[in-house]
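Report on one structure; see the data block that follows.
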Amino acid sequence: MPLLKTLYRNILSISIFLVILLTGATYSFAQESDSSVTKVEKKESFLNHTSKGFVFKTEDGKYEMQIAARLQLRFALPDDQDPITFADFRNQDQRIFKINRARLKVGGHAYQPWIKYYFEYELSRSLLLDYRVMIEKWPWLNVKAGQWKIEYTRERFISSGEQQMVDRSLLNRKFTVDRQQGVEIYGNLDGGGIANFNYWAAILTGMGRGATQNDDDKMMYFGRFQWNFLGRQVPFSGGDLKLSQKPAGIIAIAGITNTSPYTRFSTTGGGNLSGFEGTNDGQYTVKQYQIETSFIYRGFSWASEFHRKNVYDNFDEISTDLGGFYMMAGYFPSQVFDFWPEPLEIASRYAVVSPDLNIDSNKQRELALAFNWFFAEHKSKLTTEVTRFTFEDKELPQDNELRFRLQLDISF
């Protein structure tokens with residue numbers, strides 16, 4: 001009971017603070033939008049504000065620059081990070097309030113509208129996340145070069161500011177390929193109706209964000225093939241905020257092969273999963289694939305991923321297979337219930353990870369419930385989430401944790 005009372009007081013205090021802050025921000029957004037519309041009606045100006053941020057462009061349209069910023073404030077109880085080992089369940093008395101992300105984004109085009117560029121910088125940790133140039137003249141054939149978040153999984157590729165939950169699932173740490181440097185071709189093949197496909201194929205260094213060179217002569221190879229079986233693509237964004245009047249769905253398969261010192265990747269770069277302590281050049285050969293589905297229609301959204309990953313230690317000659325899956329759904333109940341506020345979405349996610357498929361009893365589970373209140377779609381929203389983690393091991397007793405998080409996202 002004392003824990004519940006403390007949790008209630010924390011939730012109430014933080015909620016009141018964020019609602020007051022967000023009310024002011026939303027009013028500012030509305031004023032800015034009205035002012036922008038008035039300017040456009042009178043005369044096209046050098047500086048405008050759109051959903052992409054502040055836009056600077058030349059009169060001939062050959063040069064354009066978009067500058068945007070995003071701030072993400074988060075409160076978590078009793079911890080913020082997903083548990084990795086059983087030891088992580090011992091921290092039961094923490095209260096966390098932090099600036100989780102502070103991003104500066106710069107994009108646009110130069111010389112021609114189809115020669116595009118994009119940079120993204122994490123201000124709170126001084127990390128250059130993305131820098132890339134895209135040649136997108138034809139829908140069926142585009143080229144990208146630089147450093148970016150690889151389109152391996154939908155969950156990871158979707159921006160952290162456009163997720164339905166506070167953050168990504170347990171699977172993210174084990175299976176994401178994150179940001180890499182290299183070159184990629186991609187495009188949309190539209191034959192009409194159900195004959196609508198997307199593809200991505202890339203050659204990458206396979207050393208993670210910020211790496212300036214490879215450790216050996218082996219590159220990372222990536223491919224993804226996506227079938228838009230209803231003739232329309234599902235946007236890389238969480239939920240169905242537009243309340244789509246026509247359904248859209250995808251089925252995708254993606255694969256990666258790479259040899260490097262690393263078994264996992266994140267925003268900070270290359271690293272290793274628990275149980276893989278070696279850091280020698282070319283020590284691990286990783287082969288992985290995933291099958292993905294997504295669907296949106298009239299405020300309902302669905303997403304799922306099924307993963308398999310093999311890690312082979314070339315030094316100790318040990319092979320390990322990992323697996324996992326997640327399912328997630330969201331809905332705007334105002335479609336059915338008159339009393340339900342229109343901006344309020346409910347979403348839920350269930351995820352299971354097997355750190356070693358040869359040990360059946362080793363399982364890590366996550367069950368999460370979230371509510372999103374959208375003030376200006378994903379540009380301004382308040383998310384509250386409750387998650388239960390359960391870890392099972394054949395040699396250890398089952399352990400679990402209940403976590404609460406509250407997050408405010410503001411983009412401008």
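Letters A, B, ... go to the chains of the structure tokens in the order shown; residues in each chain start at 1; ligands are counted from 1 in the same order.
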Next on the checklist: Quick one: residues within 9 Å of Lys137 of chain A, only C-alpha atoms, excluding same-chain residues fewer than 6 positions away - as a ChimeraX atom specification?
Outcome noted: /A:113-115
Write a file of the selected residues as a PDB file, in the first residue's frame, keeping N, CA, C and O atoms.
```pdb
ATOM      1  N   PRO A 113      15.340  19.274 -56.496  1.00  0.00           N
ATOM      2  CA  PRO A 113      14.471  18.774 -55.433  1.00  0.00           C
ATOM      3  C   PRO A 113      14.678  17.295 -55.104  1.00  0.00           C
ATOM      4  O   PRO A 113      14.315  16.844 -54.015  1.00  0.00           O
ATOM      5  N   TRP A 114      15.269  16.526 -56.038  1.00  0.00           N
ATOM      6  CA  TRP A 114      15.454  15.093 -55.808  1.00  0.00           C
ATOM      7  C   TRP A 114      16.848  14.753 -55.264  1.00  0.00           C
ATOM      8  O   TRP A 114      17.154  13.584 -55.033  1.00  0.00           O
ATOM      9  N   ILE A 115      17.679  15.755 -55.030  1.00  0.00           N
ATOM     10  CA  ILE A 115      18.967  15.532 -54.349  1.00  0.00           C
ATOM     11  C   ILE A 115      18.796  16.005 -52.905  1.00  0.00           C
ATOM     12  O   ILE A 115      18.809  17.200 -52.621  1.00  0.00           O
TER      13      ILE A 115
END
```
Item to check | Residues within 12 Å of Gly161 of chain A, only C-alpha atoms, excluding chain neighbours under 4 positions, as a ChimeraX atom specification | outcome: /A:69-73,100-103,155-157,165-168,236-238,377-383,407-411
Prev. selection, N, CA and C atoms, output as a compact mmCIF listing (two decimals), in the first residue's frame:
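The resulting file, out-v5.txt, is shown below:
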```
# COMPACT_ATOMS: atom_id res chain seq x y z
N ALA A 69 13.54 20.69 -34.05
CA ALA A 69 14.08 20.22 -32.78
C ALA A 69 13.02 19.41 -32.05
N ARG A 70 13.49 18.47 -31.24
CA ARG A 70 12.56 17.64 -30.48
C ARG A 70 13.09 17.45 -29.06
N LEU A 71 12.18 17.57 -28.11
CA LEU A 71 12.52 17.41 -26.70
C LEU A 71 11.63 16.31 -26.12
N GLN A 72 12.25 15.39 -25.40
CA GLN A 72 11.51 14.28 -24.80
C GLN A 72 11.81 14.22 -23.31
N LEU A 73 10.80 14.50 -22.49
CA LEU A 73 10.92 14.47 -21.03
C LEU A 73 10.29 13.20 -20.50
N ASN A 100 15.22 12.74 -21.79
CA ASN A 100 15.62 11.47 -22.40
C ASN A 100 16.25 11.65 -23.77
N ARG A 101 15.68 12.58 -24.56
CA ARG A 101 16.23 12.88 -25.87
C ARG A 101 16.09 14.38 -26.14
N ALA A 102 17.10 14.94 -26.80
CA ALA A 102 17.04 16.33 -27.23
C ALA A 102 17.70 16.37 -28.60
N ARG A 103 16.90 16.40 -29.64
CA ARG A 103 17.40 16.22 -31.00
C ARG A 103 17.31 17.51 -31.82
N GLU A 155 10.02 -1.49 -35.97
CA GLU A 155 10.02 -0.92 -34.62
C GLU A 155 11.22 0.01 -34.41
N ARG A 156 12.40 -0.41 -34.88
CA ARG A 156 13.58 0.41 -34.67
C ARG A 156 13.64 1.59 -35.63
N PHE A 157 13.19 1.39 -36.87
CA PHE A 157 13.29 2.46 -37.87
C PHE A 157 12.35 3.62 -37.57
N MET A 165 4.27 3.33 -27.86
CA MET A 165 4.63 3.12 -26.47
C MET A 165 5.69 4.17 -26.10
N VAL A 166 6.07 4.21 -24.83
CA VAL A 166 7.10 5.16 -24.41
C VAL A 166 8.42 4.88 -25.13
N ASP A 167 8.74 3.61 -25.29
CA ASP A 167 9.96 3.25 -26.01
C ASP A 167 9.78 1.87 -26.65
N ARG A 168 10.85 1.38 -27.26
CA ARG A 168 10.79 0.13 -28.00
C ARG A 168 10.79 -1.07 -27.06
N PHE A 236 5.95 4.69 -41.88
CA PHE A 236 6.85 4.37 -40.76
C PHE A 236 6.53 5.32 -39.61
N SER A 237 5.40 5.08 -38.99
CA SER A 237 4.92 5.89 -37.87
C SER A 237 3.95 5.06 -37.05
N GLY A 238 3.97 5.22 -35.74
CA GLY A 238 3.13 4.41 -34.87
C GLY A 238 1.68 4.87 -34.88
N GLU A 377 -0.78 15.59 -32.95
CA GLU A 377 -0.31 14.30 -33.45
C GLU A 377 0.98 13.92 -32.72
N HIS A 378 1.96 13.33 -33.41
CA HIS A 378 3.19 12.92 -32.74
C HIS A 378 4.09 14.09 -32.39
N LYS A 379 3.78 15.27 -32.90
CA LYS A 379 4.61 16.44 -32.63
C LYS A 379 4.45 16.95 -31.21
N SER A 380 3.34 16.65 -30.60
CA SER A 380 3.09 17.08 -29.23
C SER A 380 2.13 16.08 -28.59
N LYS A 381 2.65 15.27 -27.69
CA LYS A 381 1.81 14.21 -27.11
C LYS A 381 2.31 13.86 -25.70
N LEU A 382 1.39 13.29 -24.93
CA LEU A 382 1.67 12.82 -23.59
C LEU A 382 1.37 11.34 -23.54
N THR A 383 2.34 10.52 -23.10
CA THR A 383 2.19 9.07 -23.07
C THR A 383 2.39 8.56 -21.66
N GLN A 407 5.72 10.21 -20.25
CA GLN A 407 6.62 10.89 -21.18
C GLN A 407 5.91 11.99 -21.96
N LEU A 408 6.59 13.10 -22.11
CA LEU A 408 6.11 14.22 -22.89
C LEU A 408 7.03 14.43 -24.09
N ASP A 409 6.46 14.46 -25.29
CA ASP A 409 7.21 14.73 -26.52
C ASP A 409 6.75 16.06 -27.09
N ILE A 410 7.71 16.91 -27.42
CA ILE A 410 7.39 18.18 -28.09
C ILE A 410 8.38 18.38 -29.24
N SER A 411 7.87 18.60 -30.43
CA SER A 411 8.69 18.91 -31.59
C SER A 411 8.30 20.28 -32.13
```
Next on the checklist: DSSP on the backbone, strand (DSSP E) only: what residues of segment 92-176 of chain A does that give? Format it as a ChimeraX atom specification.
Outcome noted: /A:96-110,112-122,127-138,141-149
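Considering the residues A:Trp373, A:Trp140, A:Phe325, A:Tyr63 and counting only C-alpha atoms, Gln112 of chain A has its shortest atom-to-atom contact with A:Tyr63.
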Item to check | Nearest candidate to Asn214 of chain A (options A:Arg349, A:Asp281, A:Arg125, A:Val133; using only C-alpha atoms) | outcome: A:Asp281
Checklist entry - Near segment 199-212 of chain A, within 10 Å and counting only C-alpha atoms, which residues show up once chain neighbours fewer than 6 positions away are dropped, as a count of residues only? => result 59
Item to check | Spatial neighbours of Val311 of chain A, 8 Å, only C-alpha atoms, chain gap at least 3 places, as a ChimeraX atom specification | outcome: /A:263,284-287,319-321
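One distance worth recording is that between atom CA of Asn400 of chain A and atom CA of Pro355 of chain A, which is 16.8 Å.
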Item to check | Atomic separation - atom CA of Ala347 of chain A relative to atom CA of Met328 of chain A, Å | outcome: 7.3 Å
Per residue of segment 94-208 of chain A within 12 Å of segment 273-279 of chain A, what are the shortest atom pair and its distance in Å to one decimal, counting only C-alpha atoms, with rows by chain and residue number, as CSV?
```
residue,atom,partner,partner_atom,distance
A:Asn172,CA,A:Leu273,CA,11.8
A:Arg173,CA,A:Leu273,CA,8.2
A:Lys174,CA,A:Leu273,CA,7.1
A:Phe175,CA,A:Leu273,CA,10.1
A:Thr176,CA,A:Leu273,CA,11.7
```
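For Tyr117 of chain A, the residues within 6 Å (counting only C-alpha atoms, excluding itself and residues fewer than 5 positions away along the chain) are A:Gly107, A:Gly108, A:His109, A:Arg132, A:Val133.
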Item to check | Separation of atom CA of Ala76 of chain A from atom CA of Phe375 of chain A, in Å and rounded to one decimal | outcome: 21.7 Å
Checklist entry - Looking at only C-alpha atoms, which of A:Gln66, A:Gln283, A:Asn48, A:Gln335 is the one that sits closest to Asn314 of chain A? => result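 The answer is A:Gln283, which sits nearest to Asn314 of chain A.
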Next on the checklist: Can you pull out every residue from segment 34-258 of chain A that DSSP, working from the backbone, puts in alpha helix (DSSP H), and format the result as a PyMOL selection string?
Outcome noted: chain A and resi 34-42+154-157+171-175
Next on the checklist: With only C-alpha atoms as the counted atoms, please give the residues lying no more than 9 Å from Asp190 of chain A, apart from itself and same-chain residues fewer than 3 positions off, as number ranges by chain.
Outcome noted: A: 139-140, 193-198, 231
Convert the current residue selection to file output with N, CA, C and O atoms, as an mmCIF file, in the first residue's frame.
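Once written, result_13.cif looks like this:
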```cif
data_model
loop_
_atom_site.group_PDB
_atom_site.id
_atom_site.type_symbol
_atom_site.label_atom_id
_atom_site.label_comp_id
_atom_site.auth_asym_id
_atom_site.auth_seq_id
_atom_site.Cartn_x
_atom_site.Cartn_y
_atom_site.Cartn_z
ATOM 1 N N PRO A 139 10.638 6.834 -58.278
ATOM 2 C CA PRO A 139 10.087 6.051 -57.174
ATOM 3 C C PRO A 139 10.663 4.638 -57.099
ATOM 4 O O PRO A 139 10.811 4.080 -56.014
ATOM 5 N N TRP A 140 11.007 4.048 -58.251
ATOM 6 C CA TRP A 140 11.441 2.660 -58.302
ATOM 7 C C TRP A 140 12.932 2.463 -58.069
ATOM 8 O O TRP A 140 13.395 1.344 -57.848
ATOM 9 N N GLY A 193 -2.813 -2.269 -57.765
ATOM 10 C CA GLY A 193 -3.521 -3.204 -56.887
ATOM 11 C C GLY A 193 -2.581 -3.866 -55.900
ATOM 12 O O GLY A 193 -1.747 -3.213 -55.266
ATOM 13 N N ILE A 194 -2.700 -5.192 -55.799
ATOM 14 C CA ILE A 194 -1.879 -5.920 -54.824
ATOM 15 C C ILE A 194 -0.429 -6.056 -55.281
ATOM 16 O O ILE A 194 0.430 -6.471 -54.490
ATOM 17 N N ALA A 195 -0.135 -5.725 -56.511
ATOM 18 C CA ALA A 195 1.240 -5.809 -57.025
ATOM 19 C C ALA A 195 2.015 -4.540 -56.661
ATOM 20 O O ALA A 195 2.436 -3.769 -57.520
ATOM 21 N N ASN A 196 2.175 -4.336 -55.373
ATOM 22 C CA ASN A 196 2.857 -3.150 -54.858
ATOM 23 C C ASN A 196 3.927 -3.614 -53.866
ATOM 24 O O ASN A 196 3.605 -4.242 -52.847
ATOM 25 N N PHE A 197 5.196 -3.304 -54.168
ATOM 26 C CA PHE A 197 6.303 -3.819 -53.362
ATOM 27 C C PHE A 197 7.326 -2.723 -53.092
ATOM 28 O O PHE A 197 7.493 -1.796 -53.881
ATOM 29 N N ASN A 198 8.016 -2.859 -51.959
ATOM 30 C CA ASN A 198 9.166 -2.024 -51.631
ATOM 31 C C ASN A 198 10.376 -2.908 -51.419
ATOM 32 O O ASN A 198 10.250 -4.055 -50.968
ATOM 33 N N GLY A 231 -2.169 -2.569 -51.705
ATOM 34 C CA GLY A 231 -1.878 -1.530 -52.690
ATOM 35 C C GLY A 231 -1.409 -0.218 -52.110
ATOM 36 O O GLY A 231 -1.177 0.742 -52.847
#
```
